[in-house]
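**Q** Below you'll find the structure I mean.
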Amino acid sequence: MHWENILATRASRLKASEIRELLKLIGQPGVISFAGGIPDDALFPVTEFQQAFAALCEGENASAALQYATSEGHLPLRQWIVGEMAKLGIPCDSGNIIITSGSQQALDYLGKLLLSPGDTALVQWPTYLGALSAFNAYEPVYDRLETGALRPAESYRQAASGGRVKFAYLSSEFCNPTGESIDSKERVRLLNLARDLDIAIIEDAAYQSLRYDGEVIPPILALDIEREGSIEATRTLYCGSFSKTLSPGLRVGWVCGAKSVISRLVLMKQASDLHSGVVNQMAVADVATRAFDKQIEKIRPVYRQRRDSMLQALSREMPAGINWTRPEGGMFIWLTLPDFMDSVGLLADSLKSEKVAFIPGSAFFADRSGANSLRLSFSNSSEENIEQGIARLGRVIRQALAS
């Protein structure tokens, strides 16, 4: 059977990265990895989840936890999220929330819902690799959403060849991969642009809780509600996740938005997997209710110190001509190398000679540009490994510059 003869056209958009082959070497002894954007599993609230799952195996709880459930999601969990949204300036009710299998599933559903082949998606440049993977199957065209240098609406319309502009996707807080945030004035400008283009905004808020310093800024959805008077009149869809705070393995995320959109996402959920795992939702609801604030208080200072250690190490070890971001939260720092350098080749050299891993920047650009950039993650490395790894990386970069 020659399967390529019967594949849908969208299958051609699904490609493995050549970087993945290099990253298979990460598991070798002695490798220090700044590649994976993952939380430190030593910080997971294990005791709280042990208690939650034990309680779910008793009596009537077990019947509910192991049974089919509504596609919208476990109601007590959605009600807890409603309370958290209110703290962010987003008044809503449980009908404005759908639970998804991680925020990655939310991005896939939104791409499926909004994109026809040839439509344009505006994305940050660079942007989250997983968003590009989710949207690619629906055959969009990508255009640059360069916050701080937004173009007039007509410019985006003219660039949309064949289809129309459908949405702007962005991380407003501590973006993956750059770690940068969008200031309040620029969030208002984005809302103005979206109104002029009559498009949606997909606000990826996976790192919302991981602010270490700086001014707290209302989410774009909060500003949208303030302007329109009600969440039902807004164009912003907020994607949240428990993966960076409680557990990525349980795969629990959510979308908050107008009910007219949530109801359509519910239909997609019914056609896809009926509902996210009930027992996981119930456990997350229990742990979030009892210990979410405590968990945030535990992880923030740890990640803050690791960020500070990496920034200090970069200041000591990087040669002249290398620039990097200074994030106020999240898990990532973005390095920009001289224009003539290629971070894919640099990764191969780094793994071979110094056993340090990172993600080359081209993976985060829709057009595969950005060869002279790379992403470092500090969240899952000890301060000792950060010190050693950045020193090793500095040697690799100096050798590359010299050659």
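Each chain in the structure tokens gets a letter, A, B and so on, in the order shown; residues start at 1 in every chain, and ligands are counted from 1 in the order they appear.
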Do you have, as JSON lines, the list of residues of range 169-204 of chain A lying at most 12 Å from range 254-276 of chain A, each with its nearest atom pair and that distance in Å to one decimal, counting only C-alpha atoms and ordered by chain then number?
**A**
```
{"residue": "A:Ala200", "atom": "CA", "partner": "A:Val261", "partner_atom": "CA", "distance": 10.7}
{"residue": "A:Ile201", "atom": "CA", "partner": "A:Gly257", "partner_atom": "CA", "distance": 10.5}
{"residue": "A:Ile202", "atom": "CA", "partner": "A:Val255", "partner_atom": "CA", "distance": 9.6}
{"residue": "A:Glu203", "atom": "CA", "partner": "A:Val255", "partner_atom": "CA", "distance": 9.6}
{"residue": "A:Asp204", "atom": "CA", "partner": "A:Val255", "partner_atom": "CA", "distance": 9.5}
```
**Q** Please report, as a ChimeraX atom specification, each residue of range 317-399 of chain A to which DSSP assigns strand (DSSP E or B) when run on this structure's backbone.
**A** /A:323-324,329,332-336,356-357,359-360,373-377
**Q** Taking 3 positions as the minimum chain separation for residues in the same chain, which residues sit within 10 Å of Asp198 in chain A when counting only C-alpha atoms? Answer as number ranges by chain.
**A** A: 153, 165-167, 191-195, 201, 235
**Q** Mind writing the picked residues with C-alpha atoms as a PDB file, in the first residue's frame?
**A**
```
ATOM      1  CA  ALA A 153      -5.008  47.105   8.787  1.00  0.00           C
ATOM      2  CA  VAL A 165      -7.186  37.399   7.657  1.00  0.00           C
ATOM      3  CA  LYS A 166      -8.883  35.343  10.389  1.00  0.00           C
ATOM      4  CA  PHE A 167      -7.075  35.843  13.673  1.00  0.00           C
ATOM      5  CA  LEU A 191      -7.406  45.278  19.925  1.00  0.00           C
ATOM      6  CA  ASN A 192      -7.769  48.248  17.599  1.00  0.00           C
ATOM      7  CA  LEU A 193      -6.122  46.339  14.750  1.00  0.00           C
ATOM      8  CA  ALA A 194      -8.351  43.301  15.346  1.00  0.00           C
ATOM      9  CA  ARG A 195     -11.433  45.532  15.293  1.00  0.00           C
ATOM     10  CA  ILE A 201      -7.476  37.346  18.917  1.00  0.00           C
ATOM     11  CA  ARG A 235     -13.369  38.938  19.966  1.00  0.00           C
TER      12      ARG A 235
END
```
**Q** For the atom pair CA of Tyr109 in chain A and CA of Phe135 in chain A, what is the interatomic distance in Å to one decimal place?
**A** 9.1 Å
**Q** Show me, as JSON, numbers by chain, the residues that have an atom within 7 Å of range 302-304 of chain A when counting only C-alpha atoms, minus same-chain residues fewer than 3 positions from it.
**A** {"A": [212, 299, 307, 308, 379]}
**Q** Just N, CA and C atoms for this one: save the residues we selected as a JSON list (two decimals), in the first residue's frame.
**A**
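After the write, selection.json holds the following:
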```json
[["chain", "number", "residue", "atom", "x", "y", "z"],
["A", 212, "TYR", "N", 7.59, 37.06, 37.83],
["A", 212, "TYR", "CA", 8.56, 37.15, 38.92],
["A", 212, "TYR", "C", 8.82, 38.59, 39.36],
["A", 299, "ILE", "N", 6.64, 27.72, 43.49],
["A", 299, "ILE", "CA", 7.45, 27.61, 42.27],
["A", 299, "ILE", "C", 8.01, 28.95, 41.80],
["A", 307, "ARG", "N", 16.13, 31.98, 36.59],
["A", 307, "ARG", "CA", 16.22, 33.03, 35.57],
["A", 307, "ARG", "C", 17.37, 33.98, 35.87],
["A", 308, "ASP", "N", 17.44, 34.43, 37.13],
["A", 308, "ASP", "CA", 18.50, 35.36, 37.51],
["A", 308, "ASP", "C", 19.88, 34.74, 37.33],
["A", 379, "SER", "N", 13.96, 26.63, 33.31],
["A", 379, "SER", "CA", 13.01, 26.13, 34.31],
["A", 379, "SER", "C", 13.39, 24.78, 34.90]]
```
**Q** Do you know which residues are at most 10 Å from Gly102 in chain A counting only C-alpha atoms, after dropping those on the same chain fewer than 6 positions away, and could you put them as a list in words?
**A** Ala206, Cys239, Gly240, Ser241, Phe242, Ser243, Pro248, Gly249, Leu250, Arg251, Val252, Gly253, Trp254, Val255 and Ser276 of chain A
**Q** Write out, as a short mmCIF file (atom, residue, chain, number, x, y, z; two decimals), in the first residue's frame, the residues just selected, with N, CA, C and O atoms.
**A**
```
data_model
loop_
_atom_site.label_atom_id
_atom_site.label_comp_id
_atom_site.auth_asym_id
_atom_site.auth_seq_id
_atom_site.Cartn_x
_atom_site.Cartn_y
_atom_site.Cartn_z
N ALA A 206 -0.42 30.56 28.72
CA ALA A 206 0.13 29.40 29.43
C ALA A 206 1.03 29.79 30.60
O ALA A 206 1.16 29.03 31.57
N CYS A 239 -6.66 31.26 26.19
CA CYS A 239 -6.31 29.84 26.35
C CYS A 239 -5.43 29.69 27.58
O CYS A 239 -4.32 30.23 27.64
N GLY A 240 -5.93 28.96 28.58
CA GLY A 240 -5.19 28.74 29.81
C GLY A 240 -4.77 27.30 29.96
O GLY A 240 -5.23 26.41 29.24
N SER A 241 -3.88 27.05 30.93
CA SER A 241 -3.34 25.71 31.11
C SER A 241 -2.87 25.51 32.54
O SER A 241 -2.40 26.45 33.19
N PHE A 242 -2.97 24.26 33.02
CA PHE A 242 -2.39 23.88 34.30
C PHE A 242 -1.02 23.22 34.13
O PHE A 242 -0.41 22.80 35.11
N SER A 243 -0.53 23.14 32.90
CA SER A 243 0.70 22.39 32.64
C SER A 243 1.93 23.02 33.26
O SER A 243 2.86 22.31 33.65
N PRO A 248 1.88 18.96 33.78
CA PRO A 248 1.67 18.85 32.34
C PRO A 248 1.14 17.48 31.93
O PRO A 248 0.47 17.33 30.92
N GLY A 249 1.43 16.45 32.74
CA GLY A 249 1.06 15.09 32.37
C GLY A 249 -0.44 14.83 32.41
O GLY A 249 -0.92 13.92 31.72
N LEU A 250 -1.18 15.59 33.17
CA LEU A 250 -2.62 15.38 33.26
C LEU A 250 -3.37 15.98 32.09
O LEU A 250 -4.55 15.67 31.88
N ARG A 251 -2.71 16.86 31.32
CA ARG A 251 -3.26 17.44 30.09
C ARG A 251 -4.61 18.11 30.34
O ARG A 251 -5.65 17.71 29.80
N VAL A 252 -4.61 19.15 31.13
CA VAL A 252 -5.83 19.90 31.42
C VAL A 252 -5.59 21.37 31.10
O VAL A 252 -4.72 22.01 31.69
N GLY A 253 -6.35 21.89 30.15
CA GLY A 253 -6.32 23.30 29.79
C GLY A 253 -7.73 23.80 29.60
O GLY A 253 -8.70 23.07 29.84
N TRP A 254 -7.86 25.04 29.16
CA TRP A 254 -9.20 25.57 28.94
C TRP A 254 -9.18 26.73 27.96
O TRP A 254 -8.14 27.32 27.69
N VAL A 255 -10.36 27.01 27.42
CA VAL A 255 -10.59 28.22 26.62
C VAL A 255 -11.69 29.01 27.30
O VAL A 255 -12.71 28.44 27.71
N SER A 276 -12.43 15.60 27.84
CA SER A 276 -11.11 15.31 28.42
C SER A 276 -11.28 14.37 29.60
O SER A 276 -12.37 14.25 30.17
#
```
**Q** Write out as a PyMOL selection string which residues come within 12 Å of Ala222 in chain A when counting only C-alpha atoms, dropping same-chain ones fewer than 2 positions away.
**A** chain A and resi 85-92+184+187-188+191+203+217-220+224-231+234-238+256-257
**Q** Can you write out the residues you just picked, keeping C-alpha atoms, as a PDB file, in the first residue's frame?
**A**
```
ATOM      1  CA  MET A  85     -10.730  34.690  35.561  1.00  0.00           C
ATOM      2  CA  ALA A  86     -12.513  37.216  37.772  1.00  0.00           C
ATOM      3  CA  LYS A  87      -9.210  37.915  39.574  1.00  0.00           C
ATOM      4  CA  LEU A  88      -7.727  38.791  36.175  1.00  0.00           C
ATOM      5  CA  GLY A  89     -10.520  41.227  35.377  1.00  0.00           C
ATOM      6  CA  ILE A  90     -12.461  38.738  33.241  1.00  0.00           C
ATOM      7  CA  PRO A  91     -16.016  38.365  34.590  1.00  0.00           C
ATOM      8  CA  CYS A  92     -17.696  35.302  33.095  1.00  0.00           C
ATOM      9  CA  SER A 184      -0.533  47.624  27.976  1.00  0.00           C
ATOM     10  CA  ARG A 187      -2.392  45.388  23.811  1.00  0.00           C
ATOM     11  CA  VAL A 188      -4.815  48.235  23.128  1.00  0.00           C
ATOM     12  CA  LEU A 191      -7.406  45.278  19.925  1.00  0.00           C
ATOM     13  CA  GLU A 203      -4.437  34.926  23.625  1.00  0.00           C
ATOM     14  CA  ILE A 217      -0.878  43.935  33.142  1.00  0.00           C
ATOM     15  CA  PRO A 218      -4.512  42.922  32.487  1.00  0.00           C
ATOM     16  CA  PRO A 219      -4.944  40.203  29.844  1.00  0.00           C
ATOM     17  CA  ILE A 220      -6.137  41.295  26.417  1.00  0.00           C
ATOM     18  CA  ASP A 224     -11.652  43.664  25.481  1.00  0.00           C
ATOM     19  CA  ILE A 225     -14.411  43.200  28.076  1.00  0.00           C
ATOM     20  CA  GLU A 226     -13.737  46.647  29.528  1.00  0.00           C
ATOM     21  CA  ARG A 227     -14.161  48.127  26.063  1.00  0.00           C
ATOM     22  CA  GLU A 228     -17.185  46.099  24.932  1.00  0.00           C
ATOM     23  CA  GLY A 229     -19.025  45.815  28.255  1.00  0.00           C
ATOM     24  CA  SER A 230     -19.492  42.030  28.239  1.00  0.00           C
ATOM     25  CA  ILE A 231     -17.507  38.917  27.376  1.00  0.00           C
ATOM     26  CA  THR A 234     -15.615  40.324  22.707  1.00  0.00           C
ATOM     27  CA  ARG A 235     -13.369  38.938  19.966  1.00  0.00           C
ATOM     28  CA  THR A 236     -10.611  37.589  22.255  1.00  0.00           C
ATOM     29  CA  LEU A 237     -10.271  33.897  23.175  1.00  0.00           C
ATOM     30  CA  TYR A 238      -8.140  33.205  26.249  1.00  0.00           C
ATOM     31  CA  CYS A 256     -12.486  31.229  27.940  1.00  0.00           C
ATOM     32  CA  GLY A 257     -14.539  33.315  25.545  1.00  0.00           C
TER      33      GLY A 257
END
```
**Q** Set the distance at 7 Å and use only C-alpha atoms: which residues neighbour range 35-40 of chain A once local chain neighbours fewer than 5 positions away are removed? I'd like the list as an MDAnalysis selection string.
**A** chainID A and resid 244 331 357:359 376:377 379:380
**Q** If you keep N, CA, C and O atoms, can you produce a file of those selected residues as an mmCIF file, in the first residue's frame?
**A**
```
data_model
loop_
_atom_site.group_PDB
_atom_site.id
_atom_site.type_symbol
_atom_site.label_atom_id
_atom_site.label_comp_id
_atom_site.auth_asym_id
_atom_site.auth_seq_id
_atom_site.Cartn_x
_atom_site.Cartn_y
_atom_site.Cartn_z
ATOM 1 N N LYS A 244 1.979 24.336 33.360
ATOM 2 C CA LYS A 244 3.177 24.992 33.887
ATOM 3 C C LYS A 244 3.084 25.238 35.394
ATOM 4 O O LYS A 244 4.053 25.706 35.994
ATOM 5 N N MET A 331 9.633 30.950 31.281
ATOM 6 C CA MET A 331 10.648 29.904 31.342
ATOM 7 C C MET A 331 11.782 30.078 30.347
ATOM 8 O O MET A 331 12.661 29.216 30.275
ATOM 9 N N ALA A 357 22.654 21.532 25.154
ATOM 10 C CA ALA A 357 21.556 21.532 24.188
ATOM 11 C C ALA A 357 20.698 22.782 24.352
ATOM 12 O O ALA A 357 20.530 23.306 25.453
ATOM 13 N N PHE A 358 20.147 23.238 23.233
ATOM 14 C CA PHE A 358 19.201 24.354 23.173
ATOM 15 C C PHE A 358 18.344 24.147 21.939
ATOM 16 O O PHE A 358 18.547 23.179 21.187
ATOM 17 N N ILE A 359 17.392 25.021 21.702
ATOM 18 C CA ILE A 359 16.555 24.922 20.508
ATOM 19 C C ILE A 359 16.948 26.026 19.525
ATOM 20 O O ILE A 359 16.882 27.215 19.866
ATOM 21 N N LEU A 376 16.776 29.391 25.053
ATOM 22 C CA LEU A 376 17.255 28.718 26.249
ATOM 23 C C LEU A 376 16.123 28.645 27.260
ATOM 24 O O LEU A 376 15.431 29.636 27.489
ATOM 25 N N SER A 377 15.954 27.487 27.884
ATOM 26 C CA SER A 377 14.986 27.335 28.961
ATOM 27 C C SER A 377 15.730 27.135 30.273
ATOM 28 O O SER A 377 16.656 26.319 30.355
ATOM 29 N N SER A 379 13.955 26.627 33.306
ATOM 30 C CA SER A 379 13.014 26.127 34.310
ATOM 31 C C SER A 379 13.392 24.779 34.900
ATOM 32 O O SER A 379 13.085 24.494 36.065
ATOM 33 N N ASN A 380 14.057 23.925 34.130
ATOM 34 C CA ASN A 380 14.304 22.559 34.583
ATOM 35 C C ASN A 380 15.788 22.282 34.798
ATOM 36 O O ASN A 380 16.234 21.139 34.706
#
```
**Q** Under the rule of at most 12 Å, produce a per-residue listing of range 311-391 of chain A near range 4-18 of chain A: chain, number, name, the closest pair of atoms, and the distance in Å, as a tab-separated table, using only C-alpha atoms.
**A**
```
residue	atom	partner	partner_atom	distance
A:Val344	CA	A:Glu18	CA	9.1
A:Gly345	CA	A:Glu18	CA	11.4
A:Leu347	CA	A:Glu18	CA	11.7
A:Ala348	CA	A:Glu18	CA	11.4
A:Ile359	CA	A:Ser17	CA	11.1
A:Pro360	CA	A:Glu18	CA	10.6
A:Ser362	CA	A:Ser17	CA	10.2
A:Ala363	CA	A:Ser17	CA	7.7
A:Phe364	CA	A:Ser17	CA	11.1
A:Ala366	CA	A:Arg13	CA	11.8
A:Arg368	CA	A:Ser17	CA	10.8
```
**Q** Could you write out the selected residues, including N, CA and C atoms, as a PDB file, in the first residue's frame?
**A**
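Wrote result.pdb, looks like this:
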```
ATOM      1  N   VAL A 344      21.580  26.071  14.037  1.00  0.00           N
ATOM      2  CA  VAL A 344      21.460  24.624  13.838  1.00  0.00           C
ATOM      3  C   VAL A 344      22.842  23.989  13.829  1.00  0.00           C
ATOM      4  N   GLY A 345      23.756  24.582  13.078  1.00  0.00           N
ATOM      5  CA  GLY A 345      25.132  24.101  13.086  1.00  0.00           C
ATOM      6  C   GLY A 345      25.783  24.269  14.443  1.00  0.00           C
ATOM      7  N   LEU A 347      24.263  24.095  17.300  1.00  0.00           N
ATOM      8  CA  LEU A 347      23.746  23.035  18.170  1.00  0.00           C
ATOM      9  C   LEU A 347      24.528  21.745  17.963  1.00  0.00           C
ATOM     10  N   ALA A 348      24.798  21.395  16.717  1.00  0.00           N
ATOM     11  CA  ALA A 348      25.571  20.183  16.445  1.00  0.00           C
ATOM     12  C   ALA A 348      26.956  20.266  17.080  1.00  0.00           C
ATOM     13  N   ILE A 359      17.392  25.021  21.702  1.00  0.00           N
ATOM     14  CA  ILE A 359      16.555  24.922  20.508  1.00  0.00           C
ATOM     15  C   ILE A 359      16.948  26.026  19.525  1.00  0.00           C
ATOM     16  N   PRO A 360      17.371  25.680  18.312  1.00  0.00           N
ATOM     17  CA  PRO A 360      17.677  26.701  17.314  1.00  0.00           C
ATOM     18  C   PRO A 360      16.455  27.557  16.988  1.00  0.00           C
ATOM     19  N   SER A 362      15.253  28.973  14.306  1.00  0.00           N
ATOM     20  CA  SER A 362      14.467  28.836  13.071  1.00  0.00           C
ATOM     21  C   SER A 362      13.213  28.008  13.281  1.00  0.00           C
ATOM     22  N   ALA A 363      13.194  27.154  14.302  1.00  0.00           N
ATOM     23  CA  ALA A 363      12.013  26.324  14.575  1.00  0.00           C
ATOM     24  C   ALA A 363      10.801  27.165  14.934  1.00  0.00           C
ATOM     25  N   PHE A 364      11.015  28.399  15.365  1.00  0.00           N
ATOM     26  CA  PHE A 364       9.920  29.230  15.861  1.00  0.00           C
ATOM     27  C   PHE A 364       9.454  30.284  14.852  1.00  0.00           C
ATOM     28  N   ALA A 366       7.647  30.977  11.145  1.00  0.00           N
ATOM     29  CA  ALA A 366       6.789  30.325  10.149  1.00  0.00           C
ATOM     30  C   ALA A 366       7.489  30.160   8.814  1.00  0.00           C
ATOM     31  N   ARG A 368      10.832  29.784   8.586  1.00  0.00           N
ATOM     32  CA  ARG A 368      12.098  29.119   8.890  1.00  0.00           C
ATOM     33  C   ARG A 368      13.291  30.072   8.843  1.00  0.00           C
TER      34      ARG A 368
END
```
**Q** To one decimal place, how far is CA of Glu60 in chain A from CA of Thr47 in chain A in Å?
**A** 22.3 Å
**Q** What gap, in Å, lies between CA of Leu129 in chain A and CA of Ala371 in chain A?
**A**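 Spanning CA of Leu129 in chain A to CA of Ala371 in chain A is a straight-line distance of 14.7 Å.
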**Q** I'd like to know which residues of range 174-312 of chain A are alpha helix (DSSP H) (by DSSP, run on the backbone); could you write them as an MDAnalysis selection string?
**A** chainID A and resid 184:197 220:228 259:272 278:312
**Q** Find the residues of range 17-123 of chain A that sit at most 10 Å from range 282-298 of chain A; for each, write down the nearest two atoms and how far apart they are in Å, to one decimal. Count only C-alpha atoms. Sort by chain, then by number going up, and give it as a tab-separated table.
**A**
```
residue	atom	partner	partner_atom	distance
A:Leu43	CA	A:Lys298	CA	7.8
A:Phe44	CA	A:Gln295	CA	8.2
A:Pro45	CA	A:Gln295	CA	7.0
A:Val46	CA	A:Val287	CA	9.9
A:Thr47	CA	A:Val287	CA	9.7
A:Glu48	CA	A:Val287	CA	6.0
A:Phe49	CA	A:Val287	CA	6.5
A:Gln50	CA	A:Ala283	CA	9.2
A:Gln51	CA	A:Val287	CA	8.8
A:Ala52	CA	A:Ala283	CA	5.3
A:Phe53	CA	A:Ala283	CA	6.1
A:Ala54	CA	A:Ala283	CA	9.5
A:Ala55	CA	A:Ala283	CA	9.0
A:Leu56	CA	A:Ala283	CA	7.6
A:Asn61	CA	A:Met282	CA	9.4
A:Ala64	CA	A:Met282	CA	9.2
A:Ala65	CA	A:Met282	CA	7.0
A:Gly73	CA	A:Met282	CA	9.7
A:His74	CA	A:Met282	CA	6.8
A:Leu75	CA	A:Met282	CA	9.3
A:Pro76	CA	A:Ala285	CA	6.6
A:Leu77	CA	A:Ala285	CA	4.7
A:Arg78	CA	A:Ala285	CA	8.4
A:Gln79	CA	A:Ala285	CA	9.2
A:Trp80	CA	A:Thr289	CA	7.0
A:Ile81	CA	A:Ala285	CA	9.1
```
**Q** Between A:Leu393, A:Val279, A:Met341, A:Leu311, which one has atoms that come closest to Ala62 in chain A, using only C-alpha atoms?
**A**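 Answer, going by the shortest atom-to-atom distance: A:Val279.
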